[in-house]
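**Student:** This is the structure I have questions about; it appears just below.
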Amino acid sequence: MYPEEFQYTKDHEWIRVDGDTGTIGITDHAQKELGDIVYVELPKSGETVTAAETFGTVESVKAVSEVYSPVSGEVTAVNGKLQDHPELLNSDPHAAAWLIRVHLSDPQEVQKLMSSEEYEKYIREGGSQ
Amino acid sequence: MKQHPRHARPHITRDENLIFERSSPGKCGVDLPSPEVPAASAAELLGDDLVRNDIPGFPEVSELEVIRHFTRLSTWNYGVDTGLYPLGSCTMKYNPRINEVVARLEGLATDHPYAPADLTQGCLKILYDAARCLAEITGMDAVSLQPSAGAQGELAGILMIQACLADRGNPRKYILIPDSAHGTNPASVTTSGYQVRNLKSDAHGCIDLAELDRAMTEEVAGLMLTNPNTLGIFEVRIREVCELVHRKGGLVYMDGANMNALMGVARPADFGVDVMHLNLHKTFTTPHGGGGPGSGPVAVKKVLEPYLPSPTVVRSPDGPYCLDYDRPKSVGRVRAFYGNFGMVVRALAFIAANGAEGLLQSTRDAVLNANYVMRRLQDLYDLPYNEPCMHECVLSDRRQAARGVHTIDIAKRLIDYGFHPYTTAFPLIVPGAMMIEPTESASKEELDEFIEAMRAVAEEVEEDPDFVLNAPHSTRVSRLDEASAARKPVLRWKP
Amino acid sequence: MRYLPNSPRDRAEMLRALGHSSIDDLFSQIPEQIRLQGRLDLPGPLSEQEVLEFFKQAASQSTREYVSLLGAGAYSHFRPAAIDALLSRGEFFTAYTPYQAELAQGTLQAMFEFQTLITQLTEMEVSNASLYDGSTATTEAVLMSLRLTRRNRVVTARTLHPEYREVMSTYLRHLGTEVSEIPYSASGQIDRAALEKALNEETAAVVIQSPNFLGVIEHFNDITERVHRSGALLVVAVNEPLSLAIVNPPAEADIVCGEAQSFGVPVAFGGPYVGFLATREKLVRQMPGRLVGQTTDSNGRRGFVLTLATREQHIRREKATSNICTNQSLCALAATIYLCLLGKQGLRALAEHNLAQAHYAASRLAKVPGASIAFASPFFNEFVVKTPGNAEALLDELRQEKILGGINLERFYPELENHLLVCVTETVNKAALDRMARVYQEFPAQKHARAAAPSVFSHPVGWEKA
């Protein structure tokens with residue numbers, strides 16, 4: 001269910017790291033908790049994000065959830081498809097519905113995140129801090 | 001198959017198009033009096049660049065069509081007049097017809113807000129009398145009727161706290177709000193410029209005194225609470241709570257949304273509250289009107305009186321009533337003119353019709369009804385806080401959720417039994433909350449029927465959860481696609 | 001008590017079912033010391049007949065025998081009987097906010113129609129389902145502009161309704177928002193040079209009322225471009241929306257907001273009224289207040305729901321776009337019914353009638369020696385007259401003729417001594433207007449210097465506040 005090549009946060013974001021670039025999204029667990037996603041608000045390319053700080057919001061019909069960055073760095077790409085098709089976050093949260101790409105300013109930060117195995121255990125135990 | 005003609009359908013399922021779709025050029029629902037003054041040329045008087053020539057798409061229908069259109073729409077609604085409306089936190093009680101009559105009396109419905117005070121003594125007297133009644137009911141010293149609704153009462157109240165503390169030297173930075181609070185509370189606090197600090201409730205759903213003691217620092221301006229709280233539970237240690245806040249230099253705001261539990265029984269001023277608002281559309285039977293207008297008078301102790309919104313209505317002993325604009329310490333205006341006067345007329349009519357005894361009996365019935373429902377449902381529905389309740393009770397869907405059925409689904413199924421649903425998913429501290437407020441307007445007979453319906457639904461959840469999940473089955477429209485509505489909003493008709 | 005449906009036996013049975021012997025047992029969690037001892041001191045109980053008597057008595061101390069030429073944000077228009085007939089349907093007026101859409105399609109569809117009517121009148125793309133009143137709608141428009149531009153300076157015309165400006169200042173004070181007021185020019189329109197000077201890269205919004213508080217219609221053609229060049233939003237407030245049937249709405253405005261009381265809502269001593277706020281589609285997520293959207297049900301049937309609710313306080317709490325919870329649904333319904341009744345032709349004809357009436361009155365007054373129309377710019381149904389002599393004394397004379405002759409502007413604009421704001425709608429007949437003109441003509445010279453009678457706003461000194 002949860003790809004092994006990703007790292008995970010306790011706020012239910014994932015990151016896939018290729019060299020010094022990280023691709024960030026929300027987990028399948030997060031989209032299920034939210035229900036039908038209707039709107040996504042994301043930063044622009046060139047803005048910076050900081051580990052454990054919010055960089056956007058994901059909205060369902062009756063809830064708003066902030067998205068926290070797993071890492072720090074500069075945003076290099078934003079998934080434009082989500083503006084018109086927020087429902088992708090429900091159907092394909094781990095691939096097509098990635099949110100942003102970030103140029104990592106401190107690759108060491110990834111070490112602090114959970115592995116897929118740890119994350120699965122975390123959500124089995126309730127999935128909140 | 002041959003198409004049936006459109007009108008060959010029973011009334012309740014009939015399609016009623018948008019009024020724009022009924023429109024046809026040349027029709028008009030009014031005939032205006034013939035002008036007595038010389039006709040004016042718009043182009044000449046306003047200039048060609050200002051004159052508008054058309055309002056594209058604007059409806060053109062006859063009077064009868066307007067009457068039928070809105071009458072049909074009305075039949076798709078459910079109101080207090082239709083039946084039991086146990087919507088928690090909203091106090092859906094009977095809206096007396098005489099209130100509507102008196103609010104429409106010529107003179108009251110027609111006086112202009114800027115007409116001379118000596119010619120509008122009737123309106124001013126009503127404002128004055130209503131303010132006095134509300135002061136008496138809350139035990140407070142002064143009342144402003146200006147706030148348009150509860151949320152504006154909250155804002156006015158918090159601004160008064162700010163002004164008062166500023167006069168004492170430091171307005172401070174934070175307002176404490178219990179995690180069970182209505183959403184308007186934190187929103188109003190933010191609008192006032194304060195920041196919100198959340199206060200965790202204790203195991204009984206009440207304010208945790210130790211937690212409050214820790215949170216109530218020099219930086220905190222005050223506490224904003226609801227009593228009875230949104231679980232319908234009276235804050236047993238309310239006096240200690242208020243004393244603690246006062247000792248630390250803060251003030252106490254009470255959201256009066258739940259005043260229907262207290263009228264004639266206890267007065268917020270007597271248990272330490274400094275400022276509160278009332279919802280005339282809840283406790284004092286002004287109609288909810290499908291979402292408004294509300295009215296949110298704010299009542300204060302002497303210490304906050306100088307800061308009330310301007311103007312206030314004053315009177316010399318046995319002399320005329322007038323508006324007092326000379327209020328140098330006022331937090332200012334929160335809206336134009338003097339408030340939702342028409343709602344104040346209705347509220348005063350309700351208070352006068354009841355008198356002290358009537359209000360007390362109303363409170364007693366409201367509390368009795370809520371306890372009756374709670375105790376007769378707690379074997380089938382989870383009761384997260386097993387405390388005696390006041391005017392409303394909060395159950396949860398915990399048992400039904402195990403079958404995949406949630407509070408919203410049970411609510412939708414209740415519609416098929418002829419009841420308006422309870423409040424779903426609030427307060428937030430109870431997962432899957434089912435908040436039931438029968439009010440004093442529910443008879444025992446109706447409550448028994450409601451209880452039976454709730455028990456029947458609980459059974460259905462066990463036997464055929466899908467049937468409940470797809471409810472309602474009896475309404476004009478079935479469950480609506482809210483996700484599509486939010487993804488690609490269609491907010492107006494287009495030709 | 002006639003409103004209560006439980007009989008003494010019902011109550012006894014319920015108490016018994018709960019295992020209690022006395023109703024007081026249910027209040028035992030309220031500590032004894034804070035329970036009310038004794039009875040509330042209130043009027044009543046009154047029978048229905050007595051309630052009616054009480055309010056009839058109050059209604060008799062009113063201006064109902066007077067002809068009113070008062071406007072200034074509260075306009076007397078004729079209300080067709082169909083409005084109250086429909087508003088009185090219990091399914092409308094005793095329903096709650098339509099959160100349970102399946103049981104509230106009536107309210108929802110009517111609000112969708114209201115939103116559509118407002119967008120048609122304002123030529124905007126989206127409208128919400130109403131706000132409290134014109135003053136708060138204008139304030140919400142400004143708050144919305146602050147969020148959208150992330151700037152913290154507001155420029156407002158001094159001819160925006162004085163009470164709207166006061167409300168705005170109540171809301172903005174704590175935000176540290178700088179508000180500059182732009183004076184009016186000799187024509188009564190906004191002073192363009194002063195506006196130009198006031199605009200800078202910190203300006204979030206420029207707020208202009210039209211027709212403005214002096215009744216004058218603003219020309220926006222050159223203003224819009226100047227405002228947009230500075231990166232600010234143009235907020236246009238309209239509190240006599242009947243004017244929109246005959247005056248072009250400012251097509252390039254970013255937000256058009258104001259008061260829709262004129263459309264079938266009684267003057268009722270200042271409220272309840274119905275604010276509106278309309279804007280561009282792209283700004284919809286920063287809008288305050290409820291929105292109704294069209295969708296389909298599980299059988300593909302058209303239906304309506306409250307939508308984009310995540311902007312609102314019950315979900316976003318302290319981060320909501322506004323603290324507003326209620327709208328003015330029933331008043332918005334009145335406006336919807338009114339606009340449907342009048343329709344395209346009726347609204348236009350009524351606007352022309354108002355225009356003609358007001359211009360007739362103005363032309364009569366302009367001929368009175370010593371009187372003049374203060375501003376040369378175009379007006380709709382409201383205008384400022386400079387009085388021949390003391391304005392308060394003249395109002396007093398008009399009162400003798402059972403005419404409420406206007407609002408003394410000196411209170412709001414000290415420089416406008418002896419100027420009245422006069423509003424003439426279809427509710428005033430020609431005979432009354434002629435009577436008014438005669439009072440002006442006959443206004444005796446010796447009275448010109450007479451001490452003013454107490455005005456609406458004067459505060460009698462030394463009265464004890466109750």
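Chain labels follow the order of the structure tokens: the first chain is A, the next B, and so on; residue numbering restarts at 1 in every chain, and ligands are counted from 1 in their shown order.
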Determine, counting only C-alpha atoms, which protein, DNA and RNA residues have an atom within 9 Å of an atom of stretch 115-121 of chain A; residues of the same chain fewer than 3 positions away are not included. Present the result as a list in words.
**Tutor:** Met1, Tyr2, Pro3, Glu4, Glu5, Phe6, Gln7, Tyr8, Thr9, Lys10, His12, Arg124, Glu125, Gly126 and Gly127 of chain A
**Student:** If you count only C-alpha atoms, which residues fall within 10 Å of C:Asp84, apart from same-chain ones fewer than 2 positions away, as a list in words?
**Tutor:**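 Final neighbour list, sorted by chain and number: Arg104 of chain B; Arg79, Pro80, Ala81, Ala82, Leu86, Leu87, Ser88, Arg89, Gly264, Val265, Ala334 and Ile337 of chain C.
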**Student:** May I have the selected residues written with C-alpha atoms, as a PDB file, in the first residue's frame?
**Tutor:**
ATOM      1  CA  ARG B 104     -45.761  44.567  10.663  1.00  0.00           C
TER       2      ARG B 104
ATOM      3  CA  ARG C  79     -44.265  46.663  -0.993  1.00  0.00           C
ATOM      4  CA  PRO C  80     -46.611  44.466  -3.058  1.00  0.00           C
ATOM      5  CA  ALA C  81     -48.927  42.312  -0.925  1.00  0.00           C
ATOM      6  CA  ALA C  82     -47.532  39.113  -2.431  1.00  0.00           C
ATOM      7  CA  LEU C  86     -45.227  34.401   0.751  1.00  0.00           C
ATOM      8  CA  LEU C  87     -42.881  35.307   3.617  1.00  0.00           C
ATOM      9  CA  SER C  88     -45.621  34.261   6.031  1.00  0.00           C
ATOM     10  CA  ARG C  89     -45.454  30.667   4.872  1.00  0.00           C
ATOM     11  CA  GLY C 264     -39.372  44.841  -0.569  1.00  0.00           C
ATOM     12  CA  VAL C 265     -37.897  45.064   2.929  1.00  0.00           C
ATOM     13  CA  ALA C 334     -38.328  39.295   0.262  1.00  0.00           C
ATOM     14  CA  ILE C 337     -39.882  37.993  -4.540  1.00  0.00           C
TER      15      ILE C 337
END
**Student:** Residues of chain A within 12 Å of chain C, counting only C-alpha atoms, what are they? List them as a PyMOL selection string.
**Tutor:** chain A and resi 37-41+57-66
**Student:** I'd like the contact shell of C:Leu160 - 9 Å cut-off, only C-alpha atoms, skipping same-chain residues fewer than 2 positions apart - returned as a list in words.
**Tutor:**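 Everything that qualifies: Thr156, Ala157, Arg158, Pro162, Glu163, Tyr164, Arg165, Val207, Ile208, Gln209, Ser210, Asn212, Phe213, Leu214 and Ala237 of chain C.
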**Student:** Go through chain B and flag each residue having an atom no more than 10 Å from chain A; for those, report the closest pair of atoms plus their distance in Å to one decimal, using only C-alpha atoms, ordered by chain and rising number, as JSON lines.
**Tutor:**
{"residue": "B:Glu482", "atom": "CA", "partner": "A:Val61", "partner_atom": "CA", "distance": 6.7}
{"residue": "B:Ala483", "atom": "CA", "partner": "A:Val61", "partner_atom": "CA", "distance": 5.9}
{"residue": "B:Ser484", "atom": "CA", "partner": "A:Val38", "partner_atom": "CA", "distance": 7.6}
{"residue": "B:Ala485", "atom": "CA", "partner": "A:Val38", "partner_atom": "CA", "distance": 8.8}
{"residue": "B:Ala486", "atom": "CA", "partner": "A:Val38", "partner_atom": "CA", "distance": 5.9}
{"residue": "B:Arg487", "atom": "CA", "partner": "A:Val38", "partner_atom": "CA", "distance": 4.8}
{"residue": "B:Lys488", "atom": "CA", "partner": "A:Asp84", "partner_atom": "CA", "distance": 8.5}
**Student:** Those residues you just picked out, can you put them in a file as a PDB file, in the first residue's frame with N, CA and C atoms?
**Tutor:**
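Result file out07.pdb:
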ATOM      1  N   GLU B 482     -22.301  17.095  -3.149  1.00  0.00           N
ATOM      2  CA  GLU B 482     -21.690  18.313  -2.618  1.00  0.00           C
ATOM      3  C   GLU B 482     -20.268  18.501  -3.128  1.00  0.00           C
ATOM      4  N   ALA B 483     -19.610  17.373  -3.450  1.00  0.00           N
ATOM      5  CA  ALA B 483     -18.223  17.477  -3.924  1.00  0.00           C
ATOM      6  C   ALA B 483     -18.172  18.196  -5.273  1.00  0.00           C
ATOM      7  N   SER B 484     -19.051  17.799  -6.197  1.00  0.00           N
ATOM      8  CA  SER B 484     -19.068  18.490  -7.494  1.00  0.00           C
ATOM      9  C   SER B 484     -19.438  19.956  -7.332  1.00  0.00           C
ATOM     10  N   ALA B 485     -20.377  20.220  -6.436  1.00  0.00           N
ATOM     11  CA  ALA B 485     -20.793  21.611  -6.220  1.00  0.00           C
ATOM     12  C   ALA B 485     -19.603  22.467  -5.785  1.00  0.00           C
ATOM     13  N   ALA B 486     -18.711  21.890  -4.993  1.00  0.00           N
ATOM     14  CA  ALA B 486     -17.569  22.662  -4.499  1.00  0.00           C
ATOM     15  C   ALA B 486     -16.399  22.680  -5.483  1.00  0.00           C
ATOM     16  N   ARG B 487     -16.277  21.617  -6.296  1.00  0.00           N
ATOM     17  CA  ARG B 487     -15.147  21.574  -7.233  1.00  0.00           C
ATOM     18  C   ARG B 487     -15.334  22.551  -8.378  1.00  0.00           C
ATOM     19  N   LYS B 488     -16.543  22.557  -8.909  1.00  0.00           N
ATOM     20  CA  LYS B 488     -16.842  23.451 -10.047  1.00  0.00           C
ATOM     21  C   LYS B 488     -18.090  24.253  -9.678  1.00  0.00           C
TER      22      LYS B 488
END
**Student:** Write out as an NGL selection string the residues lying within 8 Å of C:Val428, counting only C-alpha atoms and excluding same-chain residues fewer than 2 positions away.
**Tutor:** :C and (67-69 or 424-426 or 430 or 432-433)
**Student:** Enumerate, as number ranges by chain, the complete set of residues in stretch 307-430 of chain C that a backbone-based DSSP assignment places in helix (DSSP H, G or I).
**Tutor:** C: 309-311, 313-319, 329-366, 391-400, 409-411, 430
